[in-house]
Structure formats: C-alpha cells, structure tokens
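Here the structure comes first, spelled out in structure tokens, and everything after it is commentary.
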Amino acid sequence: MNKKIQLQDLGNKDYKETWDYQEQLFKQIVDIKLEKRNNSNLETPNHFLFVEHPHVYTLGKSGDISNLLLSEKQLEAKGATFYKINRGGDITYHGPGQIVGYPILDLENFFTDIHKYLRLLEETIILTLAEYNIIGTRSEGETGVWLDVGTPFARKICAMGVRASRWVTMHGFALNVNADLGYFDNIIPCGIRGKAVTSLHVELGKKINEQEVKEKIIKHFQNLFEAEFLIS
C-alpha cells in the first residue's frame with residue numbers, strides 16, 4: 001500500500017483545465033490498477049491538488065439546474081462560467097479567496113470506505129477551523145462543514161462533493177477563506193434553501209493568510225489518513 005501523496009498547488013487555474021487534469025490523473029491510477037491484476041508489484045500513486053478558480057458555478061450529477069438563479073447573459077456579465085460535472089451533490093460556487101482541495105487517491109492504499117473518506121475530509125476542515133477557535137460541525141444528511149448547526153444562524157463554510165470509481169477519488173472540498181460571499185446569492189447553495197454561507201474572514205473579521213490555512217489542512221489530512229505528502 002502506497003500512503004505517499006504527491007502535493008501540487010496549481011495556483012489560480014481555470015475550472016475546466018483543472019477538471020481535465022484531474023481526469024488525467026484519475027485515469028492514470030485506474031489504468032495502473034487494471035494492469036496490477038497481472039503484476040501485483042505495481043504501486044498506484046496518490047495526488048492532492050490545491051487550486052483557486054476564477055468565478056465558476058458547478059452542478060453535480062444529481063443537481064437541479066433551477067438552483068442556478070442566473071441566465072447565460074447574467075453569468076457572462078458577472079465574469080463567471082458554469083459547468084455540469086460528474087461529482088455528487090448539487091450546485092456550488094468556486095472563486096478567488098476560496099481554497100479548493102482535490103484529493104485523487106486510490107482508497108485501496110488507505111481503506112475501502114467512501115463514507116469514512118467523506119467523514120475524514122470533513123474532520124480535516126473541522127480541525128483546521130479549530131486552530132482559529134471556530135467550532136465547525138457536521139449537519140446530519142448534508143455533506144460539508146457548518147457553523148451553528150441547529151440554530152437559526154446555521155451557515156456553511158466548506159462544501160464537499162466527490163466522485164469515486166474503482167476506489168479512486170476525485171473532486172473534493174471548497175473552504176471559504178477570503179471569499180466574496182455575494183456570488184453565493186446567485187444560487188441556492190447545494191440545493192438547500194434558507195441556509196446561509198460564510199467565510200473564515202467574515203467569522204474572524206480580518207483577511208486570512210491562505211498559505212497558513214493550506215499548511216494546517218495538509219497537517220491534519222496527513223495525520224487523519226496516516227499519509228505522507230511529497231511536494232512537487
């Protein structure tokens with residue numbers, strides 16, 4: 001089992017280009033797994049991508065297009081793009097000031113349990129937020145990380161949506177750090193009406209060092225997955 005994970009920070013990168021790159025890495029892993037049937041000495045690699053996207057809305061395969069409240073012309077006027085994609089979940093927004101993480105892992109190197117995988121992703125963010133004295137929690141039946149669940153002030157700080165096939169994962173999480181929350185007004189986030197969205201800088205009342213947040217995410221992810229990051 002290979003528990004080493006190749007870490008890449010792609011900086012600011014177009015959504016479609018990044019999606020294509022994820023698909024390429026995903027396919028490489030799946031191809032090695034198929035070859036491994038004839039050669040058990042082969043190891044499958046693991047990857048973790050950090051990226052920040054220009055303004056974009058993405059709709060998961062089970063999502064409802066009516067949760068996008070903008071026409072094509074309005075999207076264009078806001079400098080945003082839209083893609084229907086192959087992850088789980090409904091609609092979400094990505095943009096500047098948001099840390100997006102895409103783990104592309106062969107879960108057979110770690111454990112074969114997709115629910116455990118999602119819970120550990122959530123726990124990574126919960127532990128990261130705790131370092132800023134913010135209590136992040138899960139909301140029953142809703143993937144992601146929330147604040148003040150069970151109160152009228154419940155708000156989502158981190159969205160999650162993944163795809164897994166042959167125990168290989170792609171897509172991941174989007175943590176609002178210094179995000180412009182106005183862009184969320186153009187959608188019904190994750191298809192959930194009446195619940196707000198927040199960002200770390202709003203909760204703390206100051207701009208946050210995003211590199212510092214990434215380092216905390218890496219630390220907790222490594223510990224929870226008992227993995228080792230290799231920086232490229």
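Just remember, in the structure tokens the first chain shown is A, the second B, etc., residues are 1-based per chain, and ligands are 1-based in the order shown.
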
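If you count only C-alpha atoms and ignore residues fewer than 6 places along the chain from A:Leu118, what sits within 9 Å of it is Thr143, Gly144, Met160, Gly161, Val162 and Gly172 of chain A.
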
Filtering to N, CA, C and O atoms, could you give me those residues as a CSV table (one decimal), in the first residue's frame?
```csv
chain,number,residue,atom,x,y,z
A,143,THR,N,-23.5,16.8,3.5
A,143,THR,CA,-22.1,16.7,3.5
A,143,THR,C,-21.5,18.1,3.6
A,143,THR,O,-22.1,19.1,3.1
A,144,GLY,N,-20.3,18.2,4.2
A,144,GLY,CA,-19.7,19.5,4.3
A,144,GLY,C,-19.5,19.9,5.8
A,144,GLY,O,-19.7,19.1,6.7
A,160,MET,N,-18.5,20.2,0.0
A,160,MET,CA,-17.8,19.0,-0.4
A,160,MET,C,-18.6,18.2,-1.5
A,160,MET,O,-19.9,18.1,-1.4
A,161,GLY,N,-18.0,17.6,-2.4
A,161,GLY,CA,-18.6,16.8,-3.4
A,161,GLY,C,-17.5,15.9,-4.1
A,161,GLY,O,-16.5,16.5,-4.5
A,162,VAL,N,-17.7,14.6,-4.1
A,162,VAL,CA,-16.7,13.7,-4.6
A,162,VAL,C,-17.3,12.8,-5.6
A,162,VAL,O,-18.5,12.5,-5.7
A,172,GLY,N,-13.6,17.1,-4.5
A,172,GLY,CA,-13.2,17.3,-3.1
A,172,GLY,C,-13.9,18.3,-2.3
A,172,GLY,O,-15.1,18.3,-2.2
```

Test item: residues at most 10 Å from A:Ile29, only C-alpha atoms, excluding those fewer than 6 positions along its chain, as a ChimeraX atom specification: /A:23,35,43-47,104-106,166,168-169

May I have the selected residues written with C-alpha atoms, as a PDB file, in the first residue's frame?
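Writing the result to again-v3.pdb gives the following:
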```
ATOM      1  CA  GLU A  23      -9.458  13.253 -15.091  1.00  0.00           C
ATOM      2  CA  GLU A  35      -2.562  -3.553 -15.003  1.00  0.00           C
ATOM      3  CA  GLU A  43       2.004   0.660  -6.874  1.00  0.00           C
ATOM      4  CA  THR A  44      -0.755   3.166  -7.518  1.00  0.00           C
ATOM      5  CA  PRO A  45       0.110   6.841  -6.929  1.00  0.00           C
ATOM      6  CA  ASN A  46      -1.977   9.339  -4.942  1.00  0.00           C
ATOM      7  CA  HIS A  47      -2.351  13.049  -5.639  1.00  0.00           C
ATOM      8  CA  ILE A 104      -7.137  11.980  -6.180  1.00  0.00           C
ATOM      9  CA  LEU A 105      -6.445   8.889  -4.113  1.00  0.00           C
ATOM     10  CA  ASP A 106      -6.534   5.163  -4.561  1.00  0.00           C
ATOM     11  CA  ARG A 166     -12.824   1.543  -8.552  1.00  0.00           C
ATOM     12  CA  VAL A 168     -10.254   6.080  -6.869  1.00  0.00           C
ATOM     13  CA  THR A 169     -11.479   9.531  -5.787  1.00  0.00           C
TER      14      THR A 169
END
```

Proximity to A:Ile217 - best of A:Thr151, A:Tyr183, A:Tyr21, A:Ile99, only C-alpha atoms: A:Ile99

Residues within 10 Å of A:Phe50, only C-alpha atoms, excluding chain neighbours under 4 positions, as a PyMOL selection string: chain A and resi 7-12+99-103+173-174+214

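Take the candidates A:Ser66, A:Gln211, A:Ser40, A:Thr137 and check each one against A:Met1 using only C-alpha atoms; the shortest distance goes to A:Ser40.
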
Strand (DSSP E) residues, from DSSP on the backbone, in chain A, as a PyMOL selection string: chain A and resi 4-12+47-52+56-59+81-84+91-94+98-104+137-139+142-147+155-165+168-176+196-197+228-231

Kindly assemble as CSV a list of the stretch 48-148 of chain A residues that lie within 6 Å of stretch 153-156 of chain A, each paired with its nearest atom pair and their distance in Å to one decimal, using only C-alpha atoms, sorted first by chain and then by ascending residue number.
```
residue,atom,partner,partner_atom,distance
A:Trp146,CA,A:Lys156,CA,4.3
A:Leu147,CA,A:Arg155,CA,5.4
A:Asp148,CA,A:Ala154,CA,4.7
```

Resulting file, chosen residues, all heavy atoms, as a PDB file, in the first residue's frame:
```pdb
ATOM      1  N   TRP A 146     -20.201  22.968   8.721  1.00  0.00           N
ATOM      2  CA  TRP A 146     -21.137  24.047   9.052  1.00  0.00           C
ATOM      3  C   TRP A 146     -20.771  24.696  10.383  1.00  0.00           C
ATOM      4  O   TRP A 146     -20.057  24.100  11.198  1.00  0.00           O
ATOM      5  CB  TRP A 146     -22.550  23.481   9.174  1.00  0.00           C
ATOM      6  CG  TRP A 146     -23.072  22.826   7.947  1.00  0.00           C
ATOM      7  CD1 TRP A 146     -22.682  21.621   7.410  1.00  0.00           C
ATOM      8  CD2 TRP A 146     -24.082  23.329   7.067  1.00  0.00           C
ATOM      9  NE1 TRP A 146     -23.398  21.351   6.267  1.00  0.00           N
ATOM     10  CE2 TRP A 146     -24.264  22.370   6.038  1.00  0.00           C
ATOM     11  CE3 TRP A 146     -24.865  24.489   7.066  1.00  0.00           C
ATOM     12  CZ2 TRP A 146     -25.191  22.548   5.013  1.00  0.00           C
ATOM     13  CZ3 TRP A 146     -25.793  24.659   6.054  1.00  0.00           C
ATOM     14  CH2 TRP A 146     -25.941  23.703   5.032  1.00  0.00           C
ATOM     15  N   LEU A 147     -21.321  25.877  10.610  1.00  0.00           N
ATOM     16  CA  LEU A 147     -21.219  26.549  11.905  1.00  0.00           C
ATOM     17  C   LEU A 147     -22.626  26.730  12.463  1.00  0.00           C
ATOM     18  O   LEU A 147     -23.576  26.945  11.707  1.00  0.00           O
ATOM     19  CB  LEU A 147     -20.553  27.926  11.762  1.00  0.00           C
ATOM     20  CG  LEU A 147     -19.226  27.995  10.993  1.00  0.00           C
ATOM     21  CD1 LEU A 147     -18.664  29.419  11.041  1.00  0.00           C
ATOM     22  CD2 LEU A 147     -18.200  27.013  11.520  1.00  0.00           C
ATOM     23  N   ASP A 148     -22.729  26.643  13.782  1.00  0.00           N
ATOM     24  CA  ASP A 148     -24.005  26.878  14.490  1.00  0.00           C
ATOM     25  C   ASP A 148     -25.161  26.036  13.955  1.00  0.00           C
ATOM     26  O   ASP A 148     -26.283  26.522  13.764  1.00  0.00           O
ATOM     27  CB  ASP A 148     -24.381  28.370  14.449  1.00  0.00           C
ATOM     28  CG  ASP A 148     -23.441  29.223  15.302  1.00  0.00           C
ATOM     29  OD1 ASP A 148     -22.878  28.689  16.272  1.00  0.00           O
ATOM     30  OD2 ASP A 148     -23.261  30.414  14.978  1.00  0.00           O
TER      31      ASP A 148
END
```

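Comparing A:Leu127, A:Leu70, A:Leu25, A:Val56 by their smallest distance to A:Asn186, the closest is A:Leu70 (using only C-alpha atoms).
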